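Undergrad: Structure in structure tokens, see below.
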Amino acid sequence: MGKLSEWEARLQVAKESGYNMIHFTPVQGLGKSNSAYSIKDQLKLNPVYQSKGRKETLNDLGKIIQKMRNEWKILSICDIVLNHSANESPWLQAHPECAYNLVNAPHLRPAYLLDRALWHFTLEIIAGTWKAHGITQNDISREQLQRVGAVLNDCVIPKLKIEEFYILDVEKIVEEFRDKALDQGPNLSLFSPGLNLEIVQDPQYRRLQCGIDMELALKLFNREKNTVAQGEDRVVLCCAELRTQLMLLNRRAREVIDSHLKQAITCIIAGLEYFWLQDGGPKWKRVTKEDSISYQYFTHPGADTCLADDEALMDSKKAAFVMAHNGWVMNDDAMKNFAEPPSMVYLRRELIAWGDSVKLKYGQQPEDNPYLWKHMKEYVTETARIFHGVRLDNCHSTPIHVGEYVLDAARKIQPDLYVVAELFTCNEKTDNIFVNRFGISSLIREAMQAGDAHTLGATVHRYGGEPVGAFIQPPARPLTPCIAHAMLMDQTHDNPCPIKTRSVYDLLPNSALVSMSCCATGSTRGYDELVPYHVDVVKENRIFKSWSDASVDFACPSIGIKAGIIAGKKALNKLHQGLGAQGYNQVYVDQVDTNIISVTRHCYNTHKSVILVAHTAFQMPKKANETGHIPPLCVPGIVDEIILEARLVQKANGPVIEDKAFIAGLPDYVCEIRQHIQLKESDMVELSEEGERNLQVVDFSSFTPGSVIALKVSMNPSTTAAILQLRTALSQFGYRMRSYSGSRLTNKQGTDFRSIVQRMSLIDINRVLYRCDAEEKDDGKAFGAYEIPDKGPFVYCGLQGFISVLQDIRATNDLGHPLCENLRNGDWMPEYIAARLLVHPGTKELGKWFQQVFGFLQQIPRYLIPCYFDAIIYGAYTIILETIWSKMSEFVRTGSGFVKALALGSLQMCGQTKNAPLPALSPNLLAPKPPCCINAETGRKEQACATLAAGLPHFSHGIMRSWGRDTFIALPGLLLIPGRFQEARYIILAYAQCLRHGLIPNLLGGGTHARFNCRDAVWWWLQCIQEYCRIVPNGHTILKDLVSRLYPTDDSLAEEAGFCEQPLEDVIHEALQKHYQGQQFTERNAGHSIDENMRWEGFENCIGVDETTGFVFGGNVHNCGTWMDKMGSSEVSGNRGKPATPR
């Protein structure tokens, strides 16, 4: 960037390129390495930015940042580095406790000794000491790698005796044990199983200073010995046993340390293989101090003398200045600090160390290291005072409690602080911990990580917002998991040059695809200028060029709009910002072919789209000026204009001239761009023909590698009108619907959905919401449950069947679900919903409403049908639920969500079916009288009472629907508590009409086909009458209701309603009297026709009352006559004809 006084002209490049935020690498004073992330003085401006004769400060920088915001409308962020500081940091010399060193982290002492041994090994190779072993300074080969590994394993590392830091001095401990055993005498306590002796690590990590729990050793080994007398002989045996155990512990410790050291050698050799041999590595030519055998893990405050001096230094005052370098550990657990025990990362040489910086040791709270916490807090708050946001460098290694502390302080200075971070945890859940704890605004992601066009498209899709045609979420909905918001970069500053890793032709399409993602986007200075090399944040000394509005050539120290792809990037940045501001938050990515990617950004509010097509070039194209075959683009709507079309063209083919003073891009390539033109004016595409309804087909006539085109698309007028009608209909459901002009929509249709539903009965609503397949087919209207091919039928024919599937699809926007595919492929599902309601008088009006609304649905693009269909169904479902609860008791209306959900069971189980009716009730029944309907086949008026299904779906229709026992067990909860008193009344009276032998039917069968083989149902019936009288206002009047006796006597044939009538109270009396008198009868139609497994004796019924106890009795060994009446059916097991219920 040069001197601070020159910054404005260089920063203007970003402004003119259309960026609205600039990221600065650290601006503070740097360490000796000159790495931008090795900061020496966190509180001062880097002196390299100071002009001659001036001493600018951070305040002067702040003035530039403020001008950028006020005049350019550009915000800025700057890195903060919390995990490490430069080796040369002066404050570390005064406060060495701020870094991990051999005093406050003695567990690193063995790793330091190994580190020094490796350094001496490097020096010895340079000096030629290991020539006899075939290791020389200039031999960089795979064979030398093998020899280095062998020497490390056989010669260098064994001499260190690293294991001594982790093992016991056996004889010293045995001697201490001997003295205490003699003083104390034998331990006579009972032996405690499960107690094991372990090595207690010496906290100072000195050689042979580890210990054991001596009290435990005395308990375990200082025991009586039957073979010898008491005294010294006994202790000698005890000491021998202890010695054996200690040697075993040492052996185990040696094995563990040996495994760590073998891993260290593996890591060293792997590192050398990368540096020496691998493609993509630096391919060092020789071993030098700079290119050593291994990273240096520690600073060394003394001269390079010998290992003995290094070990002595560990116990000197200089030990506090032996500081551990920070770095990166591949696949490490980001939630653990690799510099704290029990981590062995430093000993195992698993750290990719940054040798210019030392790792900072915060502790758990400010009191643990007051100076460090204060210093870093001041550093971060000062950064927040100047900049509008921060980038957390090396975020995955930042202690969470530290990050929270400094960011909380920063937000007090800058409340709307924008926080971005690089996170390499390899785990999305761990990423989210950092995001949530730190309040990270965006995680940095990079498009250049994609190895091919397919992966690049997937990246744009992943960080691109909602899918096109996403479901319209209701105003109140459950929270759903989501990935962290991204800042998608076309390239980040610390990765290789994309011209090297891909091709120069790919830079424009790569940027274009990034710009179409629905998230924050960004780039790195040099990318847009086509800089053909990596701008290294450590080694680069040249400066960027300044901006000039004049036409300039390559040799000038300034650049203009024609340099590189700046013109294209400016247009793309404008497009990206416009899409975000105008609500184009839905994204669809299509892999057209191997190299062509199409990205659609869609605005739900206006249903306009922008479609960008990019011709990527991950490899240098062999024929850069040829288009090749590209499938045509089907545009769903009308192309209003071409927003931009651009391509990178090579104008010359001269040698790349390296500028010694400035960071310069390739001069031979030009970005050709045209903006806001009509389709017929395009040089790249042409309109082929009008496609299907609502489609235009666009052919690619000249779309060479490196080309991009962005089309603005809108709906045709008929589609626009249909969507407006749909939105108007949806507005009555609580959706915040607006017209294309932005005004709030209200329902202007002639029919109001809520009033239609309010006029319906709960029996009608049962048909609208529920009814299983068997219930629907029972009507004989040619309907059953809707079935999606290869997916199976829905559980319910009504709206609940669709809602149960849609609620999961909607939450995750699973537009690939078979239900969505079925909707896109045809109008069968909407037509089914309307048609089944149109055939019933009680639901016909609602069916017409759906028919009308679904008529508009058919006129919109197929990709939008799932989202509008779901909104219609869910909105209707919500109003219907509200209506259901409004028609129920106060207990339900004012109850909790749980109570209301339970109350829906009343709707599910209670409905009217054609082939499972109640017997006709008394024609003289006082009002309210039972509901009636006109039989479409006979034209006659018929009773249309609801019945309770014993179970769905198997006990839902025909004679198997209405069971006396099941009905009256469920009736209080399904009908009385929800306040459905009349339905309950009709059912109670209907079963009373069928009384025979003092029993109500087990199976109702419409009354005329009833079975009386259940002696417990009548008691449930009587209990329901009692509950009815208690719960229903004036419920006792049911006792006076007339009952038309279907069977006036036990042996009479079924009579017409009104033939023999008596009040319910008399029927109750008869039931009780019959039981008291006792009854014996054979069930009618007994035999295998009604139960193929029951023996004849099982059809014999006997009931009565025990006069001694007052208890009722009945049944026999062959059939107890209660709910345990299931007959066994197996000849093999011998249980056929025997009660064998699993209940």
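For the structure tokens, the naming scheme is as follows: chains receive sequential letters (A, B, ...) according to their order of presentation, residues are indexed from 1 within each chain, and ligands are indexed from 1 in presentation order.
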Residues at most 10 Å from Gly451 (chain A), counting only C-alpha atoms, excluding those fewer than 3 positions away in the same chain, as number ranges by chain?

TA: A: 447-448, 454-456, 501-502, 618

Undergrad: Write out, as a PDB file, in the first residue's frame, the residues just selected, with N, CA and C atoms.

TA:
```pdb
ATOM      1  N   ALA A 447     -14.447 -19.726  -3.331  1.00  0.00           N
ATOM      2  CA  ALA A 447     -14.833 -20.427  -4.552  1.00  0.00           C
ATOM      3  C   ALA A 447     -13.656 -21.163  -5.178  1.00  0.00           C
ATOM      4  N   MET A 448     -12.438 -20.642  -4.961  1.00  0.00           N
ATOM      5  CA  MET A 448     -11.266 -21.278  -5.572  1.00  0.00           C
ATOM      6  C   MET A 448     -10.975 -22.653  -4.985  1.00  0.00           C
ATOM      7  N   HIS A 454     -18.746 -28.342 -11.400  1.00  0.00           N
ATOM      8  CA  HIS A 454     -19.841 -28.917 -10.609  1.00  0.00           C
ATOM      9  C   HIS A 454     -19.709 -28.528  -9.137  1.00  0.00           C
ATOM     10  N   THR A 455     -18.502 -28.641  -8.613  1.00  0.00           N
ATOM     11  CA  THR A 455     -18.279 -28.286  -7.204  1.00  0.00           C
ATOM     12  C   THR A 455     -18.467 -26.788  -6.990  1.00  0.00           C
ATOM     13  N   LEU A 456     -18.059 -25.992  -7.966  1.00  0.00           N
ATOM     14  CA  LEU A 456     -18.259 -24.546  -7.862  1.00  0.00           C
ATOM     15  C   LEU A 456     -19.747 -24.213  -7.823  1.00  0.00           C
ATOM     16  N   THR A 501      -3.595 -21.935 -10.838  1.00  0.00           N
ATOM     17  CA  THR A 501      -4.325 -23.148 -10.457  1.00  0.00           C
ATOM     18  C   THR A 501      -5.439 -23.484 -11.448  1.00  0.00           C
ATOM     19  N   ARG A 502      -5.980 -22.474 -12.145  1.00  0.00           N
ATOM     20  CA  ARG A 502      -7.002 -22.724 -13.159  1.00  0.00           C
ATOM     21  C   ARG A 502      -6.489 -22.167 -14.489  1.00  0.00           C
ATOM     22  N   PHE A 618     -11.616 -24.134 -16.141  1.00  0.00           N
ATOM     23  CA  PHE A 618     -10.737 -24.601 -15.080  1.00  0.00           C
ATOM     24  C   PHE A 618      -9.362 -24.994 -15.618  1.00  0.00           C
TER      25      PHE A 618
END
```

Undergrad: Using DSSP on the backbone coordinates, identify all residues within region 571-727 of chain A classified as strand (DSSP E); present the result as a PyMOL selection string.

TA: chain A and resi 586-591+596-602+609-615+633-635+638-650+662-663+669-677+685-690+696-700+707-714

Undergrad: Near Tyr868 (chain A), within 8 Å and counting only C-alpha atoms, which residues show up once chain neighbours fewer than 6 positions away are dropped, as a PyMOL selection string?

TA: chain A and resi 471-472+726+857

Undergrad: Could you work out how far CA of Ala1057 (chain A) lies from CA of Ala920 (chain A), giving the answer in Å with one decimal?

TA: 6.1 Å

Undergrad: Go through A:Gly469, A:Ala617, A:Leu423, A:Leu948 and flag the residue nearest Asn510 (chain A), using only C-alpha atoms for the distances.

TA: A:Ala617

Undergrad: Enumerate the residues of region 686-726 of chain A with a DSSP assignment of helix (DSSP H, G or I), computed from the backbone, and present them as a ChimeraX atom specification.

TA: /A:717-726

Undergrad: Deliver the residues from the most recent selection as a file, using N, CA and C atoms, as a tab-separated table (two decimals), in the first residue's frame.

TA:
```tsv
chain	number	residue	atom	x	y	z
A	717	PRO	N	-47.97	-11.28	-18.83
A	717	PRO	CA	-49.10	-10.61	-18.17
A	717	PRO	C	-50.12	-11.56	-17.57
A	718	SER	N	-50.45	-12.66	-18.27
A	718	SER	CA	-51.46	-13.58	-17.74
A	718	SER	C	-50.98	-14.25	-16.46
A	719	THR	N	-49.69	-14.59	-16.42
A	719	THR	CA	-49.12	-15.18	-15.22
A	719	THR	C	-49.12	-14.18	-14.07
A	720	THR	N	-48.75	-12.94	-14.38
A	720	THR	CA	-48.73	-11.90	-13.36
A	720	THR	C	-50.11	-11.71	-12.75
A	721	ALA	N	-51.13	-11.71	-13.58
A	721	ALA	CA	-52.50	-11.54	-13.09
A	721	ALA	C	-52.93	-12.71	-12.23
A	722	ALA	N	-52.56	-13.93	-12.65
A	722	ALA	CA	-52.94	-15.11	-11.88
A	722	ALA	C	-52.29	-15.11	-10.50
A	723	ILE	N	-51.01	-14.73	-10.44
A	723	ILE	CA	-50.31	-14.67	-9.15
A	723	ILE	C	-50.93	-13.63	-8.24
A	724	LEU	N	-51.36	-12.51	-8.83
A	724	LEU	CA	-52.01	-11.47	-8.04
A	724	LEU	C	-53.30	-11.99	-7.43
A	725	GLN	N	-54.03	-12.79	-8.18
A	725	GLN	CA	-55.26	-13.39	-7.67
A	725	GLN	C	-54.95	-14.38	-6.53
A	726	LEU	N	-53.90	-15.15	-6.71
A	726	LEU	CA	-53.51	-16.09	-5.65
A	726	LEU	C	-53.12	-15.34	-4.39
```

Undergrad: Could you give me, as number ranges by chain, the residues within 10 Å of Lys777 (chain A), counting only C-alpha atoms and dropping anything in the same chain fewer than 5 positions from it?

TA: A: 771-772, 782-785, 913-914, 957

Undergrad: Export all heavy atoms of the chosen residues as a JSON list (two decimals), in the first residue's frame?

TA:
```json
[["chain", "number", "residue", "atom", "x", "y", "z"],
["A", 771, "ARG", "N", -60.74, -38.38, 7.00],
["A", 771, "ARG", "CA", -61.29, -39.54, 6.30],
["A", 771, "ARG", "C", -60.18, -40.37, 5.65],
["A", 771, "ARG", "O", -59.49, -39.91, 4.74],
["A", 771, "ARG", "CB", -62.33, -39.14, 5.27],
["A", 771, "ARG", "CG", -63.58, -38.52, 5.90],
["A", 771, "ARG", "CD", -64.55, -38.02, 4.88],
["A", 771, "ARG", "NE", -65.19, -39.10, 4.13],
["A", 771, "ARG", "CZ", -66.25, -39.79, 4.55],
["A", 771, "ARG", "NH1", -66.78, -39.55, 5.74],
["A", 771, "ARG", "NH2", -66.78, -40.72, 3.78],
["A", 772, "CYS", "N", -60.06, -41.56, 6.16],
["A", 772, "CYS", "CA", -59.06, -42.46, 5.60],
["A", 772, "CYS", "C", -59.58, -43.06, 4.30],
["A", 772, "CYS", "O", -60.73, -42.86, 3.91],
["A", 772, "CYS", "CB", -58.69, -43.55, 6.61],
["A", 772, "CYS", "SG", -60.04, -44.70, 6.97],
["A", 782, "ALA", "N", -66.24, -42.76, -6.00],
["A", 782, "ALA", "CA", -65.05, -43.02, -6.84],
["A", 782, "ALA", "C", -63.81, -42.29, -6.34],
["A", 782, "ALA", "O", -62.88, -42.05, -7.11],
["A", 782, "ALA", "CB", -65.33, -42.65, -8.29],
["A", 783, "PHE", "N", -63.79, -41.92, -5.06],
["A", 783, "PHE", "CA", -62.60, -41.30, -4.50],
["A", 783, "PHE", "C", -61.98, -42.23, -3.45],
["A", 783, "PHE", "O", -62.68, -43.00, -2.78],
["A", 783, "PHE", "CB", -62.94, -39.96, -3.84],
["A", 783, "PHE", "CG", -63.23, -38.86, -4.81],
["A", 783, "PHE", "CD1", -64.55, -38.52, -5.09],
["A", 783, "PHE", "CD2", -62.21, -38.20, -5.46],
["A", 783, "PHE", "CE1", -64.83, -37.50, -5.98],
["A", 783, "PHE", "CE2", -62.49, -37.19, -6.37],
["A", 783, "PHE", "CZ", -63.81, -36.83, -6.63],
["A", 784, "GLY", "N", -60.68, -42.13, -3.32],
["A", 784, "GLY", "CA", -59.94, -42.79, -2.25],
["A", 784, "GLY", "C", -58.81, -41.86, -1.86],
["A", 784, "GLY", "O", -58.77, -40.69, -2.26],
["A", 785, "ALA", "N", -57.86, -42.35, -1.09],
["A", 785, "ALA", "CA", -56.73, -41.52, -0.69],
["A", 785, "ALA", "C", -55.88, -41.19, -1.91],
["A", 785, "ALA", "O", -55.67, -42.04, -2.79],
["A", 785, "ALA", "CB", -55.90, -42.24, 0.36],
["A", 913, "THR", "N", -70.62, -41.95, 7.59],
["A", 913, "THR", "CA", -70.30, -42.83, 6.48],
["A", 913, "THR", "C", -71.56, -43.51, 5.97],
["A", 913, "THR", "O", -72.50, -43.76, 6.73],
["A", 913, "THR", "CB", -69.28, -43.92, 6.89],
["A", 913, "THR", "OG1", -69.79, -44.64, 8.01],
["A", 913, "THR", "CG2", -67.95, -43.29, 7.29],
["A", 914, "LYS", "N", -71.57, -43.82, 4.71],
["A", 914, "LYS", "CA", -72.77, -44.35, 4.05],
["A", 914, "LYS", "C", -73.13, -45.74, 4.55],
["A", 914, "LYS", "O", -74.31, -46.04, 4.78],
["A", 914, "LYS", "CB", -72.52, -44.37, 2.54],
["A", 914, "LYS", "CG", -73.69, -44.89, 1.72],
["A", 914, "LYS", "CD", -73.37, -44.83, 0.25],
["A", 914, "LYS", "CE", -74.53, -45.37, -0.59],
["A", 914, "LYS", "NZ", -74.20, -45.34, -2.03],
["A", 957, "HIS", "N", -65.14, -48.53, 8.57],
["A", 957, "HIS", "CA", -66.27, -48.56, 7.64],
["A", 957, "HIS", "C", -67.04, -49.87, 7.80],
["A", 957, "HIS", "O", -66.54, -50.84, 8.37],
["A", 957, "HIS", "CB", -65.79, -48.41, 6.20],
["A", 957, "HIS", "CG", -64.97, -49.58, 5.72],
["A", 957, "HIS", "ND1", -63.70, -49.84, 6.19],
["A", 957, "HIS", "CD2", -65.26, -50.57, 4.81],
["A", 957, "HIS", "CE1", -63.21, -50.92, 5.61],
["A", 957, "HIS", "NE2", -64.14, -51.38, 4.78]]
```

Undergrad: Quick one: everything within 12 Å of Pro110 (chain A), counting only C-alpha atoms, minus sequence neighbours fewer than 3 positions away in the same chain. Send it as a PyMOL selection string.

TA: chain A and resi 102+105-107+113-117+157+160-166+204-207+257+260-261+297-298+310-311+314+344-349

Undergrad: For the residues selected in the previous step, produce a file with C-alpha atoms as a short mmCIF file (atom, residue, chain, number, x, y, z; two decimals), in the first residue's frame.

TA:
```cif
data_model
loop_
_atom_site.label_atom_id
_atom_site.label_comp_id
_atom_site.auth_asym_id
_atom_site.auth_seq_id
_atom_site.Cartn_x
_atom_site.Cartn_y
_atom_site.Cartn_z
CA LEU A 102 9.15 -23.51 29.92
CA ALA A 105 4.17 -24.60 30.71
CA PRO A 106 6.81 -27.07 31.92
CA HIS A 107 5.06 -29.92 30.10
CA LEU A 113 14.70 -30.67 24.00
CA LEU A 114 13.56 -32.62 20.93
CA ASP A 115 13.22 -29.37 19.01
CA ARG A 116 16.78 -28.39 19.86
CA ALA A 117 18.06 -31.82 18.86
CA ILE A 157 16.29 -39.27 19.29
CA LEU A 160 17.76 -37.63 24.28
CA LYS A 161 16.22 -40.22 26.61
CA ILE A 162 12.93 -38.32 26.43
CA GLU A 163 11.19 -41.07 28.36
CA GLU A 164 13.05 -40.07 31.52
CA PHE A 165 10.76 -37.05 31.83
CA TYR A 166 7.81 -39.42 32.19
CA GLN A 204 7.99 -29.63 36.61
CA TYR A 205 8.80 -32.35 34.08
CA ARG A 206 12.27 -33.16 35.38
CA ARG A 207 14.13 -36.33 34.59
CA ILE A 257 6.51 -42.08 24.71
CA HIS A 260 4.81 -40.35 20.35
CA LEU A 261 8.37 -40.14 19.10
CA TYR A 297 8.78 -25.04 17.64
CA PHE A 298 10.41 -22.75 20.22
CA ASP A 310 20.19 -26.33 25.93
CA GLU A 311 19.05 -28.70 28.68
CA MET A 314 15.69 -25.19 30.86
CA MET A 344 1.27 -34.00 23.05
CA VAL A 345 1.17 -32.04 19.78
CA TYR A 346 4.56 -30.39 20.34
CA LEU A 347 6.29 -33.66 21.22
CA ARG A 348 4.61 -35.54 18.36
CA ARG A 349 5.68 -32.77 15.94
#
```

Undergrad: Determine, counting only C-alpha atoms, which protein, DNA and RNA residues have an atom within 10 Å of an atom of Thr1037 (chain A); residues of the same chain fewer than 6 positions away are not included. Present the result as a list in words.

TA: Tyr1028, Cys1029, Leu1064 and Glu1065 of chain A

Undergrad: Write the residues you've just listed into a file as a CSV table (one decimal), in the first residue's frame, and include all heavy atoms for each of them.

TA:
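The resulting again.csv:
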```csv
chain,number,residue,atom,x,y,z
A,1028,TYR,N,-73.1,-37.7,30.6
A,1028,TYR,CA,-73.9,-36.8,29.8
A,1028,TYR,C,-74.7,-35.9,30.7
A,1028,TYR,O,-74.8,-34.7,30.5
A,1028,TYR,CB,-74.7,-37.6,28.8
A,1028,TYR,CG,-75.5,-36.7,27.8
A,1028,TYR,CD1,-75.0,-36.4,26.6
A,1028,TYR,CD2,-76.8,-36.1,28.2
A,1028,TYR,CE1,-75.7,-35.6,25.7
A,1028,TYR,CE2,-77.5,-35.3,27.3
A,1028,TYR,CZ,-77.0,-35.0,26.1
A,1028,TYR,OH,-77.7,-34.2,25.2
A,1029,CYS,N,-75.4,-36.6,31.6
A,1029,CYS,CA,-76.3,-35.8,32.6
A,1029,CYS,C,-75.4,-34.8,33.4
A,1029,CYS,O,-75.9,-33.7,33.8
A,1029,CYS,CB,-77.0,-36.8,33.5
A,1029,CYS,SG,-78.2,-37.8,32.6
A,1064,LEU,N,-85.8,-42.9,27.4
A,1064,LEU,CA,-84.5,-43.6,27.7
A,1064,LEU,C,-84.5,-44.1,29.1
A,1064,LEU,O,-83.9,-45.2,29.3
A,1064,LEU,CB,-83.4,-42.5,27.5
A,1064,LEU,CG,-82.0,-43.0,27.7
A,1064,LEU,CD1,-81.6,-44.2,26.8
A,1064,LEU,CD2,-81.0,-41.9,27.6
A,1065,GLU,N,-85.1,-43.5,30.1
A,1065,GLU,CA,-85.0,-43.9,31.4
A,1065,GLU,C,-85.6,-45.3,31.6
A,1065,GLU,O,-85.1,-46.1,32.4
A,1065,GLU,CB,-85.6,-42.9,32.4
A,1065,GLU,CG,-87.1,-42.7,32.1
A,1065,GLU,CD,-87.6,-41.5,32.9
A,1065,GLU,OE1,-86.8,-40.8,33.6
A,1065,GLU,OE2,-88.8,-41.2,32.8
```
